[in-house]
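Structure data (mmCIF, C-alpha atoms) from query.cif:
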```cif
data_protein
#
loop_
_atom_site.group_PDB
_atom_site.id
_atom_site.type_symbol
_atom_site.label_atom_id
_atom_site.label_comp_id
_atom_site.auth_asym_id
_atom_site.auth_seq_id
_atom_site.Cartn_x
_atom_site.Cartn_y
_atom_site.Cartn_z
ATOM 1 C CA MET A 1 163.349 78.337 207.659
ATOM 2 C CA SER A 2 160.901 75.710 206.472
ATOM 3 C CA TYR A 3 158.627 73.757 208.753
ATOM 4 C CA SER A 4 159.127 70.287 207.324
ATOM 5 C CA SER A 5 157.070 67.405 208.696
ATOM 6 C CA PHE A 6 154.520 69.988 209.821
ATOM 7 C CA LEU A 7 151.652 67.565 210.337
ATOM 8 C CA SER A 8 151.702 64.045 211.692
ATOM 9 C CA ARG A 9 150.020 61.240 209.769
ATOM 10 C CA THR A 10 147.028 61.514 212.048
ATOM 11 C CA GLY A 11 146.567 65.108 210.919
ATOM 12 C CA LEU A 12 147.012 66.461 214.468
ATOM 13 C CA ILE A 13 149.187 69.504 215.041
ATOM 14 C CA ALA A 14 151.933 68.847 217.544
ATOM 15 C CA VAL A 15 153.941 71.966 216.929
ATOM 16 C CA TYR A 16 156.680 71.945 219.490
ATOM 17 C CA LEU A 17 157.431 68.232 219.276
ATOM 18 C CA LEU A 18 157.595 68.487 215.515
ATOM 19 C CA LEU A 19 159.811 71.548 215.673
ATOM 20 C CA ILE A 20 162.350 69.580 217.659
ATOM 21 C CA SER A 21 162.429 66.889 214.973
ATOM 22 C CA CYS A 22 162.108 69.014 211.834
ATOM 23 C CA GLY A 23 164.487 71.878 212.341
ATOM 24 C CA GLY A 24 162.617 74.598 214.230
ATOM 25 C CA VAL A 25 165.058 74.355 217.128
ATOM 26 C CA ILE A 26 167.785 72.175 215.646
ATOM 27 C CA THR A 27 171.232 73.699 216.089
ATOM 28 C CA GLU A 28 172.786 72.269 212.919
ATOM 29 C CA LYS A 29 173.357 74.951 210.295
ATOM 30 C CA ASP A 30 171.594 74.865 206.959
ATOM 31 C CA SER A 31 173.806 75.122 203.890
ATOM 32 C CA ALA A 32 174.144 74.682 200.155
ATOM 33 C CA PRO A 33 175.359 71.344 198.763
ATOM 34 C CA THR A 34 179.127 70.892 198.574
ATOM 35 C CA LYS A 35 178.833 69.912 194.916
ATOM 36 C CA VAL A 36 177.018 72.743 193.180
ATOM 37 C CA PRO A 37 174.774 71.534 190.340
ATOM 38 C CA ASP A 38 174.051 73.372 187.105
ATOM 39 C CA VAL A 39 170.625 74.711 188.072
ATOM 40 C CA SER A 40 170.131 76.162 184.599
ATOM 41 C CA GLN A 41 169.335 72.610 183.537
ATOM 42 C CA ILE A 42 166.619 72.235 186.185
ATOM 43 C CA PRO A 43 163.240 73.134 184.661
ATOM 44 C CA ASP A 44 160.633 75.235 186.416
ATOM 45 C CA ALA A 45 157.721 73.463 188.055
ATOM 46 C CA VAL A 46 154.864 72.764 185.636
ATOM 47 C CA PRO A 47 151.482 73.767 187.091
ATOM 48 C CA LYS A 48 148.957 70.934 187.022
ATOM 49 C CA TYR A 49 145.773 69.983 188.803
ATOM 50 C CA GLU A 50 146.450 67.970 191.950
ATOM 51 C CA PRO A 51 144.304 66.983 194.920
ATOM 52 C CA ARG A 52 144.809 68.931 198.126
ATOM 53 C CA SER A 53 147.241 67.422 200.580
ATOM 54 C CA LYS A 54 145.406 65.345 203.167
ATOM 55 C CA TYR A 55 147.677 66.494 205.996
ATOM 56 C CA GLY A 56 148.992 69.866 204.884
ATOM 57 C CA ASN A 57 145.870 72.032 204.918
ATOM 58 C CA PRO A 58 144.491 72.515 208.415
ATOM 59 C CA ALA A 59 142.029 75.391 208.600
ATOM 60 C CA GLN A 60 144.346 76.978 211.162
ATOM 61 C CA TYR A 61 147.475 76.172 213.117
ATOM 62 C CA GLU A 62 149.819 77.798 215.609
ATOM 63 C CA VAL A 63 153.604 78.128 215.657
ATOM 64 C CA PHE A 64 155.596 80.021 218.287
ATOM 65 C CA GLY A 65 152.402 81.489 219.700
ATOM 66 C CA LYS A 66 151.196 82.902 216.375
ATOM 67 C CA ARG A 67 148.111 81.567 214.614
ATOM 68 C CA TYR A 68 147.968 81.111 210.858
ATOM 69 C CA TYR A 69 144.886 80.541 208.690
ATOM 70 C CA THR A 70 145.207 78.450 205.536
ATOM 71 C CA LEU A 71 143.708 80.076 202.454
ATOM 72 C CA THR A 72 140.791 78.189 200.913
ATOM 73 C CA SER A 73 141.978 79.120 197.413
ATOM 74 C CA ALA A 74 145.259 80.193 195.862
ATOM 75 C CA GLU A 75 143.620 82.034 192.975
ATOM 76 C CA GLY A 76 144.469 85.720 192.727
ATOM 77 C CA TYR A 77 147.121 85.678 195.452
ATOM 78 C CA ARG A 78 149.843 88.273 194.878
ATOM 79 C CA GLU A 79 152.203 89.645 197.489
ATOM 80 C CA LYS A 80 155.643 91.184 197.823
ATOM 81 C CA GLY A 81 158.014 90.256 200.611
ATOM 82 C CA ILE A 82 161.296 88.679 201.598
ATOM 83 C CA ALA A 83 162.297 85.247 200.345
ATOM 84 C CA SER A 84 164.689 82.951 202.157
ATOM 85 C CA TRP A 85 165.847 79.455 201.166
ATOM 86 C CA TYR A 86 166.515 76.048 202.659
ATOM 87 C CA GLY A 87 168.972 73.358 201.601
ATOM 88 C CA THR A 88 170.917 70.396 202.988
ATOM 89 C CA LYS A 89 169.455 70.588 206.492
ATOM 90 C CA PHE A 90 166.010 69.533 205.256
ATOM 91 C CA HIS A 91 166.975 67.588 202.131
ATOM 92 C CA GLY A 92 165.243 64.223 202.189
ATOM 93 C CA ARG A 93 162.837 65.110 204.992
ATOM 94 C CA ARG A 94 159.079 64.959 204.783
ATOM 95 C CA THR A 95 157.359 68.218 203.904
ATOM 96 C CA SER A 96 154.021 69.386 205.286
ATOM 97 C CA SER A 97 152.242 68.073 202.190
ATOM 98 C CA GLY A 98 153.697 64.600 202.714
ATOM 99 C CA GLU A 99 156.171 64.842 199.847
ATOM 100 C CA THR A 100 159.903 64.474 200.397
ATOM 101 C CA TYR A 101 161.857 67.727 200.243
ATOM 102 C CA ASP A 102 164.354 67.750 197.396
ATOM 103 C CA MET A 103 166.516 70.870 197.346
ATOM 104 C CA TYR A 104 167.246 70.272 193.651
ATOM 105 C CA GLU A 105 163.586 70.589 192.641
ATOM 106 C CA MET A 106 161.695 73.840 192.085
ATOM 107 C CA THR A 107 159.625 73.978 195.244
ATOM 108 C CA ALA A 108 158.813 76.360 198.084
ATOM 109 C CA ALA A 109 157.240 76.703 201.518
ATOM 110 C CA HIS A 110 154.514 79.212 202.395
ATOM 111 C CA LYS A 111 152.578 79.781 205.604
ATOM 112 C CA THR A 112 149.033 80.063 204.223
ATOM 113 C CA LEU A 113 148.752 79.009 200.566
ATOM 114 C CA PRO A 114 146.900 75.725 199.997
ATOM 115 C CA LEU A 115 149.164 72.700 199.501
ATOM 116 C CA PRO A 116 149.985 72.120 196.773
ATOM 117 C CA SER A 117 149.891 75.431 194.895
ATOM 118 C CA TYR A 118 151.968 76.850 192.065
ATOM 119 C CA ALA A 119 153.487 80.312 192.009
ATOM 120 C CA GLU A 120 155.658 82.551 189.892
ATOM 121 C CA VAL A 121 158.361 84.181 192.028
ATOM 122 C CA THR A 122 160.108 87.294 190.719
ATOM 123 C CA ASN A 123 163.314 88.713 192.179
ATOM 124 C CA LEU A 124 162.528 92.434 192.335
ATOM 125 C CA GLU A 125 166.219 93.321 192.412
ATOM 126 C CA ASN A 126 167.316 91.619 189.180
ATOM 127 C CA GLY A 127 164.099 90.695 187.353
ATOM 128 C CA ARG A 128 164.702 86.944 187.329
ATOM 129 C CA LYS A 129 161.638 84.684 187.523
ATOM 130 C CA VAL A 130 160.939 81.065 188.423
ATOM 131 C CA ILE A 131 157.844 78.916 188.815
ATOM 132 C CA VAL A 132 157.717 76.748 191.919
ATOM 133 C CA LYS A 133 155.421 74.194 193.479
ATOM 134 C CA VAL A 134 154.435 75.201 197.013
ATOM 135 C CA ASN A 135 154.404 71.950 198.983
ATOM 136 C CA ASP A 136 155.593 72.891 202.472
ATOM 137 C CA ARG A 137 154.797 75.190 205.399
ATOM 138 C CA GLY A 138 157.049 78.031 206.498
ATOM 139 C CA PRO A 139 159.086 80.134 206.853
ATOM 140 C CA PHE A 140 158.215 81.126 210.417
ATOM 141 C CA HIS A 141 160.719 83.933 210.770
ATOM 142 C CA GLY A 142 158.537 87.004 211.262
ATOM 143 C CA ASN A 143 159.712 88.973 208.237
ATOM 144 C CA ARG A 144 159.824 86.202 205.632
ATOM 145 C CA LEU A 145 157.162 85.566 202.986
ATOM 146 C CA ILE A 146 158.360 82.430 201.227
ATOM 147 C CA ASP A 147 161.073 79.806 201.659
ATOM 148 C CA LEU A 148 162.551 78.627 198.355
ATOM 149 C CA SER A 149 164.319 75.396 197.561
ATOM 150 C CA TYR A 150 168.059 75.689 196.981
ATOM 151 C CA SER A 151 167.630 75.386 193.200
ATOM 152 C CA ALA A 152 164.845 77.982 193.006
ATOM 153 C CA ALA A 153 166.842 80.426 195.144
ATOM 154 C CA THR A 154 169.958 79.853 193.042
ATOM 155 C CA LYS A 155 168.106 80.570 189.797
ATOM 156 C CA LEU A 156 166.778 83.793 191.327
ATOM 157 C CA GLY A 157 170.237 84.809 192.530
ATOM 158 C CA ILE A 158 169.577 85.029 196.284
ATOM 159 C CA VAL A 159 171.633 82.149 197.708
ATOM 160 C CA ALA A 160 174.764 84.200 198.406
ATOM 161 C CA LYS A 161 172.832 86.940 200.257
ATOM 162 C CA GLY A 162 170.545 84.480 202.018
ATOM 163 C CA THR A 163 167.440 86.530 201.282
ATOM 164 C CA GLY A 164 165.905 88.496 198.437
ATOM 165 C CA LEU A 165 163.066 90.897 197.730
ATOM 166 C CA VAL A 166 160.452 89.074 195.688
ATOM 167 C CA GLU A 167 156.928 89.138 194.390
ATOM 168 C CA VAL A 168 154.871 85.948 194.599
ATOM 169 C CA ARG A 169 151.938 85.412 192.227
ATOM 170 C CA THR A 170 149.974 82.183 192.208
ATOM 171 C CA ILE A 171 149.264 80.288 189.019
ATOM 172 C CA THR A 172 146.007 78.447 188.381
ATOM 173 C CA PRO A 173 146.664 75.385 186.189
ATOM 174 C CA GLY A 174 144.939 75.630 182.826
ATOM 175 C CA LYS A 175 144.043 79.304 183.223
ATOM 176 C CA LEU A 176 145.646 82.238 181.413
ATOM 177 C CA GLN A 177 147.795 83.988 183.962
ATOM 178 C CA LYS A 178 147.819 87.766 184.255
ATOM 179 C CA THR A 179 151.478 87.919 185.174
ATOM 180 C CA ALA A 180 154.507 89.689 183.814
ATOM 181 C CA LEU A 181 154.909 86.747 181.429
ATOM 182 C CA SER A 182 151.496 87.377 179.880
ATOM 183 C CA PRO A 183 150.657 90.015 177.242
ATOM 184 C CA GLU A 184 147.552 90.734 179.335
ATOM 185 C CA ALA A 185 149.558 91.617 182.434
ATOM 186 C CA ASP A 186 147.581 93.002 185.363
ATOM 187 C CA LYS A 187 147.787 96.809 185.327
ATOM 188 C CA THR A 188 146.225 97.341 188.748
ATOM 189 C CA MET A 189 149.620 97.240 190.478
ATOM 190 C CA PRO A 190 152.122 99.202 188.351
ATOM 191 C CA GLU A 191 155.496 97.578 187.936
ATOM 192 C CA LYS A 192 158.567 99.485 189.134
ATOM 193 C CA PRO A 193 161.971 99.353 187.446
ATOM 194 C CA VAL A 194 164.117 96.406 188.504
ATOM 195 C CA GLY A 195 166.140 97.279 191.585
ATOM 196 C CA SER A 196 163.835 100.094 192.726
ATOM 197 C CA ALA A 197 161.997 98.107 195.413
ATOM 198 C CA LEU A 198 161.985 99.777 198.827
ATOM 199 C CA MET A 199 161.477 98.121 202.205
ATOM 200 C CA PHE A 200 159.473 99.601 205.044
ATOM 201 C CA LEU A 201 158.698 98.190 208.451
ATOM 202 C CA GLN A 202 154.967 98.454 209.042
ATOM 203 C CA VAL A 203 154.271 98.811 212.749
ATOM 204 C CA GLY A 204 150.495 98.748 212.476
ATOM 205 C CA ALA A 205 147.376 99.933 210.650
ATOM 206 C CA PHE A 206 144.776 101.931 212.554
ATOM 207 C CA SER A 207 141.241 103.079 211.819
ATOM 208 C CA SER A 208 141.798 106.525 213.376
ATOM 209 C CA ARG A 209 144.405 109.101 212.469
ATOM 210 C CA SER A 210 144.755 110.130 216.116
ATOM 211 C CA ARG A 211 145.698 106.593 217.154
ATOM 212 C CA ALA A 212 148.276 106.444 214.369
ATOM 213 C CA GLU A 213 149.715 109.763 215.558
ATOM 214 C CA GLN A 214 149.954 108.409 219.109
ATOM 215 C CA VAL A 215 151.902 105.398 217.880
ATOM 216 C CA LYS A 216 154.201 107.604 215.790
ATOM 217 C CA ASN A 217 154.902 109.847 218.775
ATOM 218 C CA ARG A 218 155.620 106.791 220.938
ATOM 219 C CA LEU A 219 158.085 105.409 218.407
ATOM 220 C CA GLN A 220 159.909 108.729 218.099
ATOM 221 C CA GLN A 221 160.816 108.444 221.772
ATOM 222 C CA ASP A 222 162.928 105.343 221.062
ATOM 223 C CA PHE A 223 163.920 105.521 217.402
ATOM 224 C CA THR A 224 165.612 108.063 215.152
ATOM 225 C CA ASP A 225 164.411 106.311 211.983
ATOM 226 C CA ASN A 226 162.040 108.047 209.600
ATOM 227 C CA ILE A 227 158.431 107.333 210.645
ATOM 228 C CA ILE A 228 155.512 108.029 208.342
ATOM 229 C CA ILE A 229 151.724 107.718 208.469
ATOM 230 C CA GLU A 230 150.300 106.507 205.179
ATOM 231 C CA PRO A 231 146.518 106.540 204.568
ATOM 232 C CA PHE A 232 145.144 103.495 202.766
ATOM 233 C CA GLU A 233 141.637 103.063 201.390
ATOM 234 C CA ALA A 234 140.458 99.663 202.592
ATOM 235 C CA VAL A 235 137.091 97.973 202.011
ATOM 236 C CA LYS A 236 135.768 99.079 205.392
ATOM 237 C CA GLY A 237 137.177 102.613 205.265
ATOM 238 C CA THR A 238 140.461 104.458 205.567
ATOM 239 C CA LEU A 239 143.298 102.846 207.493
ATOM 240 C CA TYR A 240 146.336 104.780 208.677
ATOM 241 C CA ARG A 241 149.485 102.704 208.311
ATOM 242 C CA VAL A 242 152.428 103.588 210.537
ATOM 243 C CA ARG A 243 155.681 102.703 208.828
ATOM 244 C CA MET A 244 159.392 103.090 209.502
ATOM 245 C CA GLY A 245 161.884 103.505 206.707
ATOM 246 C CA PRO A 246 162.857 103.001 204.009
ATOM 247 C CA VAL A 247 164.845 100.207 205.691
ATOM 248 C CA VAL A 248 168.382 99.837 204.340
ATOM 249 C CA ASP A 249 168.483 96.036 204.330
ATOM 250 C CA VAL A 250 166.818 92.887 205.641
ATOM 251 C CA ALA A 251 169.126 92.518 208.637
ATOM 252 C CA TYR A 252 168.336 96.031 209.821
ATOM 253 C CA GLY A 253 164.625 95.384 209.368
ATOM 254 C CA ASP A 254 164.883 92.237 211.475
ATOM 255 C CA ASN A 255 166.734 94.178 214.165
ATOM 256 C CA LEU A 256 164.037 96.861 214.222
ATOM 257 C CA SER A 257 161.328 94.203 214.494
ATOM 258 C CA GLU A 258 163.026 92.689 217.534
ATOM 259 C CA LYS A 259 163.283 96.082 219.244
ATOM 260 C CA LEU A 260 159.634 96.840 218.489
ATOM 261 C CA PHE A 261 158.608 93.483 219.914
ATOM 262 C CA ASP A 262 160.459 94.275 223.129
ATOM 263 C CA ILE A 263 158.471 97.490 223.629
ATOM 264 C CA GLY A 264 155.104 95.907 222.871
ATOM 265 C CA PHE A 265 154.653 96.214 219.095
ATOM 266 C CA ARG A 266 154.359 92.551 218.202
ATOM 267 C CA ASP A 267 152.763 92.669 214.746
ATOM 268 C CA SER A 268 155.378 94.632 212.819
ATOM 269 C CA HIS A 269 156.404 93.265 209.456
ATOM 270 C CA ILE A 270 158.381 94.299 206.404
ATOM 271 C CA VAL A 271 156.477 95.515 203.352
ATOM 272 C CA ILE A 272 157.909 96.233 199.932
ATOM 273 C CA GLU A 273 156.871 99.071 197.673
#
```

Rewrite the structure from the file as structure tokens, please.
Amino acid sequence: MSYSSFLSRTGLIAVYLLLISCGGVITEKDSAPTKVPDVSQIPDAVPKYEPRSKYGNPAQYEVFGKRYYTLTSAEGYREKGIASWYGTKFHGRRTSSGETYDMYEMTAAHKTLPLPSYAEVTNLENGRKVIVKVNDRGPFHGNRLIDLSYSAATKLGIVAKGTGLVEVRTITPGKLQKTALSPEADKTMPEKPVGSALMFLQVGAFSSRSRAEQVKNRLQQDFTDNIIIEPFEAVKGTLYRVRMGPVVDVAYGDNLSEKLFDIGFRDSHIVIE
């Protein structure tokens, strides 16, 4: 769910008051338009140089008790995760960047990318791609990476399911992009066949193997799911990632996250391999 009208005109963050007015706790249900347009005729966003939003780029902000830090640059950002979408509920409302949300345009919301930014979004399950302008903050559901406009989500084929497994890569205007659309595609992260993406729920990453083993043993007391410890070479040394899965679908991953939260594991999140 997007966090429209994220900042007031004074630039102050009034999270809970804004949530009441912008949809964070509104009970009305979001939906697609009753008259479905031909989104194939809606062009992708065209990356261009634009000044940073005056109101949409606080160094940090807090929503539902969690603090987020806005990236100082969008260049080189690449991440896989779950995409959701937003439609009629926010259509015509002010976005965090100050622009008006139009569900028929190719836009998106992201928690930390600078506003505005441009990104190529790839549906890992069918290979479809779109380019969107990131002009809003959100989604603030714990396991969501990006919130797409209705048109962008429709072109990617995720509206019916509500969510989709995607990869987000930022685009720097005027610079050759090392994306799947470029003959100089980045080889540092090998591409997998379409439809082969797997979801895992990462419970935490620990600097010691013994701590990771303790967490695994604790989880095995409450869960029958497969639990693995995966070493990862980070800049400051080896981290031991404790993961559950593969997770069968997004709904099950969300359910696991809620159960983990209840027993004290509050930083779990879905990762896609």

Item to check | Reference answer for the PyMOL selection byres ((chain A and resi 112-124) around 6), as a count of residues only | outcome: 27

Next on the checklist: Since I can't run it myself right now, could you work out what the PyMOL selection byres ((chain A and resi 214-231) around 6) selects here and report it as a PyMOL selection string?
Outcome noted: chain A and resi 211-213+232+239-245

Next on the checklist: Nearest residue to Leu198 in chain A out of A:Val247, A:Asp38, A:Arg94, A:Tyr69, using all atoms listed in the file?
Outcome noted: A:Val247

Item to check | Point-to-point distance in Å for CA of Glu273 in chain A and CA of His141 in chain A | outcome: 20.4 Å

Next on the checklist: Give me the residues near Tyr150 in chain A as an MDAnalysis selection string, where near means some atom within 6 Å (using only C-alpha atoms) and where sequence neighbours in that chain fewer than 3 positions away do not count.
Outcome noted: chainID A and resid 86:87 103 153

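Closest to Ala59 in chain A among A:Thr72, A:Arg209, A:Ser31, A:Ala109 is A:Thr72, based on all atoms listed in the file.
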